[in-house]
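Before any comments, here is the structure.
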Amino acid sequence: MKLKKRLGCLHAHYSNIEYIENALSSYELELIHFVDPALMYRVTSDENLQLVDAQNKVKEQIEWIAQSSVDAILITCTNYIAILQEEQLSISVPIIKIDEPYFKCISNIQQPQTILFTNPATVNGTIERLNQYAYNHQKSIDIEVIVMNNTFELIMKGLKHEYNQEISRFLEGIIKEDKIISVAQLSMVDAAKEVEYMSTKQIINPLDPLIASIVTQLKLGKKTAVI
């Protein structure tokens with residue numbers, strides 16, 4: 001008998017595992033992680049890769065995960081989400097997309113806002129999906145996109161401390177402009193939370209609304225303390 005809910009997580013990079021594990025550690029939930037950096041590498045660097053081949057690969061991954069007795073599947077890579085053709089899937093397991101709770105959060109903001117990225121490869125897919133989300137929900141958004149160039153390479157090389165430092169410095173510079181700011185990637189959350197704590201100004205991130213959504217959708221309870 002399966003007592004805990006089980007969430008299958010599909011990542012494009014190993015660094016995302018820690019964020020999800022830590023954020024859900026206090027809930028009665030089993031996490032199973034599937035990581036495939038090769039597909040994302042090919043999508044962004046292999047000119048010979050056909051879109052239909054990438055779509056088939058993501059479909060294959062999702063259906064493989066669905067056979068692992070999971071209650072839901074979380075996709076943490078925005079490029080995977082952009083490639084996914086849900087109507088082609090032959091599964092009944094619900095799919096949770098990392099960016100949709102984030103989109104809901106920022107599309108409810110009426111004022112101009114700035115969205116910060118470090119990975120140029122995720123920008124177009126994310127913004128296209130955000131605009132489509134806003135259109136579908138009859139929301140009007142006023143966004144400025146800023147990409148921190150030559151920064152994402154740090155996290156890909158395992159230089160997380162240096163990566164966080166670069167993001168923190170940048171955020172500290174623009175947070176004084178009294179703008180509504182959000183970071184669009186999971187890898188940016190730690191730096192954003194640190195600057196938010198030090199400045200006491202909110203920086204929206206994709207992790208907090210995602211966790212709230214997962215807890216609600218899977219009806220998760222907190223772990224009981226062992227005395």
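Each chain of the structure tokens is named A, B, ... in the order shown, its residues numbered from 1; ligands are numbered from 1 in display order.
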
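Scanning segment 114-165 of chain A with DSSP on the backbone, the strand (DSSP E or B) assignments fall on Thr114, Ile115, Leu116, Phe117, Ile143, Glu144, Val145, Ile146 and Val147 of chain A.
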
Keeping C-alpha atoms, export the residues of the selection given above as a compact mmCIF listing (two decimals), in the first residue's frame.
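Output file out_19.txt is given in full below:
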```txt
# COMPACT_ATOMS: atom_id res chain seq x y z
CA THR A 114 10.96 43.53 -14.62
CA ILE A 115 11.70 39.83 -15.22
CA LEU A 116 15.30 38.74 -14.84
CA PHE A 117 16.96 35.77 -16.61
CA ILE A 143 7.00 43.54 -18.62
CA GLU A 144 10.62 44.42 -19.22
CA VAL A 145 12.94 41.45 -19.76
CA ILE A 146 16.56 41.66 -18.63
CA VAL A 147 19.07 38.90 -19.44
```

If you run DSSP on this backbone, which residues of segment 65-115 of chain A come out as alpha helix (DSSP H), and could you give them as a VMD selection string? chain A and resid 65 to 66 78 to 83 99 to 107

Using only C-alpha atoms, what table do you get, as a tab-separated table, when you list each residue of segment 99-165 of chain A with an atom no more than 12 Å from segment 69-82 of chain A, its nearest pair of atoms, and their distance in Å rounded to one decimal, rows by chain then rising number?
```
residue	atom	partner	partner_atom	distance
A:Asp99	CA	A:Thr78	CA	7.0
A:Glu100	CA	A:Thr78	CA	10.0
A:Tyr102	CA	A:Thr78	CA	11.7
A:Phe103	CA	A:Thr78	CA	12.0
A:Asn119	CA	A:Thr78	CA	10.9
A:Pro120	CA	A:Asn79	CA	11.2
A:Ala121	CA	A:Asn79	CA	8.1
A:Thr122	CA	A:Asn79	CA	6.1
A:Val123	CA	A:Thr78	CA	9.0
A:Asn124	CA	A:Asn79	CA	9.2
A:Gly125	CA	A:Ala82	CA	5.9
A:Thr126	CA	A:Thr78	CA	6.3
A:Ile127	CA	A:Thr78	CA	10.1
A:Glu128	CA	A:Ala82	CA	8.8
A:Arg129	CA	A:Ala82	CA	7.5
A:Leu130	CA	A:Thr78	CA	10.9
A:Gln132	CA	A:Ala82	CA	11.5
```

Take the selection from the previous step and output its residues with N, CA and C atoms, as a compact mmCIF listing (two decimals), in the first residue's frame.
```txt
# COMPACT_ATOMS: atom_id res chain seq x y z
N ASP A 99 6.41 26.84 -14.46
CA ASP A 99 6.19 28.27 -14.68
C ASP A 99 4.74 28.73 -14.59
N GLU A 100 3.78 27.83 -14.60
CA GLU A 100 2.39 28.28 -14.62
C GLU A 100 1.94 28.97 -13.33
N TYR A 102 3.86 30.63 -11.40
CA TYR A 102 4.62 31.88 -11.49
C TYR A 102 3.91 32.85 -12.45
N PHE A 103 3.47 32.34 -13.59
CA PHE A 103 2.74 33.16 -14.56
C PHE A 103 1.46 33.72 -13.92
N ASN A 119 19.77 32.67 -18.20
CA ASN A 119 19.95 31.72 -19.30
C ASN A 119 19.22 32.23 -20.55
N PRO A 120 19.96 32.77 -21.53
CA PRO A 120 19.32 33.32 -22.73
C PRO A 120 18.46 32.29 -23.47
N ALA A 121 18.84 31.00 -23.36
CA ALA A 121 18.14 29.95 -24.10
C ALA A 121 16.71 29.74 -23.62
N THR A 122 16.38 30.20 -22.41
CA THR A 122 15.03 29.98 -21.88
C THR A 122 14.11 31.17 -22.08
N VAL A 123 14.65 32.29 -22.53
CA VAL A 123 13.88 33.53 -22.56
C VAL A 123 12.70 33.45 -23.52
N ASN A 124 12.95 33.14 -24.78
CA ASN A 124 11.87 33.17 -25.78
C ASN A 124 10.72 32.23 -25.43
N GLY A 125 11.06 30.99 -25.06
CA GLY A 125 10.02 30.02 -24.71
C GLY A 125 9.20 30.47 -23.51
N THR A 126 9.88 31.02 -22.50
CA THR A 126 9.18 31.47 -21.28
C THR A 126 8.27 32.65 -21.58
N ILE A 127 8.77 33.64 -22.29
CA ILE A 127 7.97 34.84 -22.56
C ILE A 127 6.80 34.53 -23.49
N GLU A 128 7.01 33.64 -24.45
CA GLU A 128 5.91 33.23 -25.32
C GLU A 128 4.80 32.56 -24.51
N ARG A 129 5.21 31.70 -23.59
CA ARG A 129 4.22 31.01 -22.75
C ARG A 129 3.54 31.98 -21.78
N LEU A 130 4.30 32.94 -21.27
CA LEU A 130 3.71 33.95 -20.38
C LEU A 130 2.66 34.78 -21.12
N GLN A 132 1.01 33.93 -23.77
CA GLN A 132 -0.12 33.06 -24.08
C GLN A 132 -1.00 32.85 -22.84
```

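The space between atom CA of Ala23 of chain A and atom CA of Leu207 of chain A spans 8.1 Å.
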
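Nearest to Thr224 of chain A of all the residues A:Leu39, A:Tyr27, A:Ser182, A:Ala12 is A:Tyr27, counting only C-alpha atoms.
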
Contacts of Lys176 of chain A within 12 Å, only C-alpha atoms, excl. fewer than 6 positions in-chain, as number ranges by chain: A: 169-170, 195-196, 199-202

Do a neighbour search on segment 89-93 of chain A at 12 Å with only C-alpha atoms, toss out local chain neighbours closer than 6 positions, and write the hits as number ranges by chain. A: 6-8, 55-74, 218

Residues near Ile106 of chain A, anyone? I mean within 12 Å using only C-alpha atoms, not counting same-chain ones fewer than 4 positions away, as a PyMOL selection string. chain A and resi 99-102+110-115+127+130-131+133-134+139-143+180-184+203-206+209

Would you write out those residues with C-alpha atoms, as a short mmCIF file (atom, residue, chain, number, x, y, z; two decimals), in the first residue's frame?
```cif
data_model
loop_
_atom_site.label_atom_id
_atom_site.label_comp_id
_atom_site.auth_asym_id
_atom_site.auth_seq_id
_atom_site.Cartn_x
_atom_site.Cartn_y
_atom_site.Cartn_z
CA ASP A 99 6.19 28.27 -14.68
CA GLU A 100 2.39 28.28 -14.62
CA PRO A 101 1.94 29.20 -10.91
CA TYR A 102 4.62 31.88 -11.49
CA GLN A 110 -1.10 45.63 -12.94
CA GLN A 111 2.05 47.77 -12.62
CA PRO A 112 5.12 47.62 -14.90
CA GLN A 113 7.49 44.84 -13.84
CA THR A 114 10.96 43.53 -14.62
CA ILE A 115 11.70 39.83 -15.22
CA ILE A 127 7.97 34.84 -22.56
CA LEU A 130 3.71 33.95 -20.38
CA ASN A 131 2.06 36.02 -23.11
CA TYR A 133 -1.09 32.52 -20.42
CA ALA A 134 -1.99 36.22 -20.03
CA LYS A 139 -4.74 39.63 -18.40
CA SER A 140 -2.75 42.64 -19.51
CA ILE A 141 0.92 42.62 -18.49
CA ASP A 142 3.61 45.28 -18.80
CA ILE A 143 7.00 43.54 -18.62
CA ILE A 180 8.44 45.10 -9.20
CA ILE A 181 11.08 42.46 -9.88
CA SER A 182 10.96 38.73 -10.42
CA VAL A 183 13.51 36.07 -11.31
CA ALA A 184 12.34 33.59 -13.91
CA ILE A 203 11.40 39.67 -5.27
CA ILE A 204 8.97 37.26 -6.90
CA ASN A 205 10.38 33.83 -7.74
CA PRO A 206 8.97 30.73 -9.48
CA PRO A 209 4.02 29.76 -6.05
#
```

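Minimum atom-to-atom distances from A:Gln217, A:Tyr163, A:Thr118, A:Ile211 to Ile20 of chain A were compared using only C-alpha atoms, and the lowest value belongs to A:Ile211.
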
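Atom CA of Asn108 of chain A lies 13.0 Å from atom CA of Asn136 of chain A.
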
What does the distance from atom CA of Gln165 of chain A to atom CA of Asp178 of chain A come to in Å, to one decimal? 21.1 Å

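Proximity to Glu172 of chain A was assessed for A:Lys160, A:Lys5, A:Lys97, A:Lys193 counting only C-alpha atoms; the smallest distance is recorded for A:Lys193.
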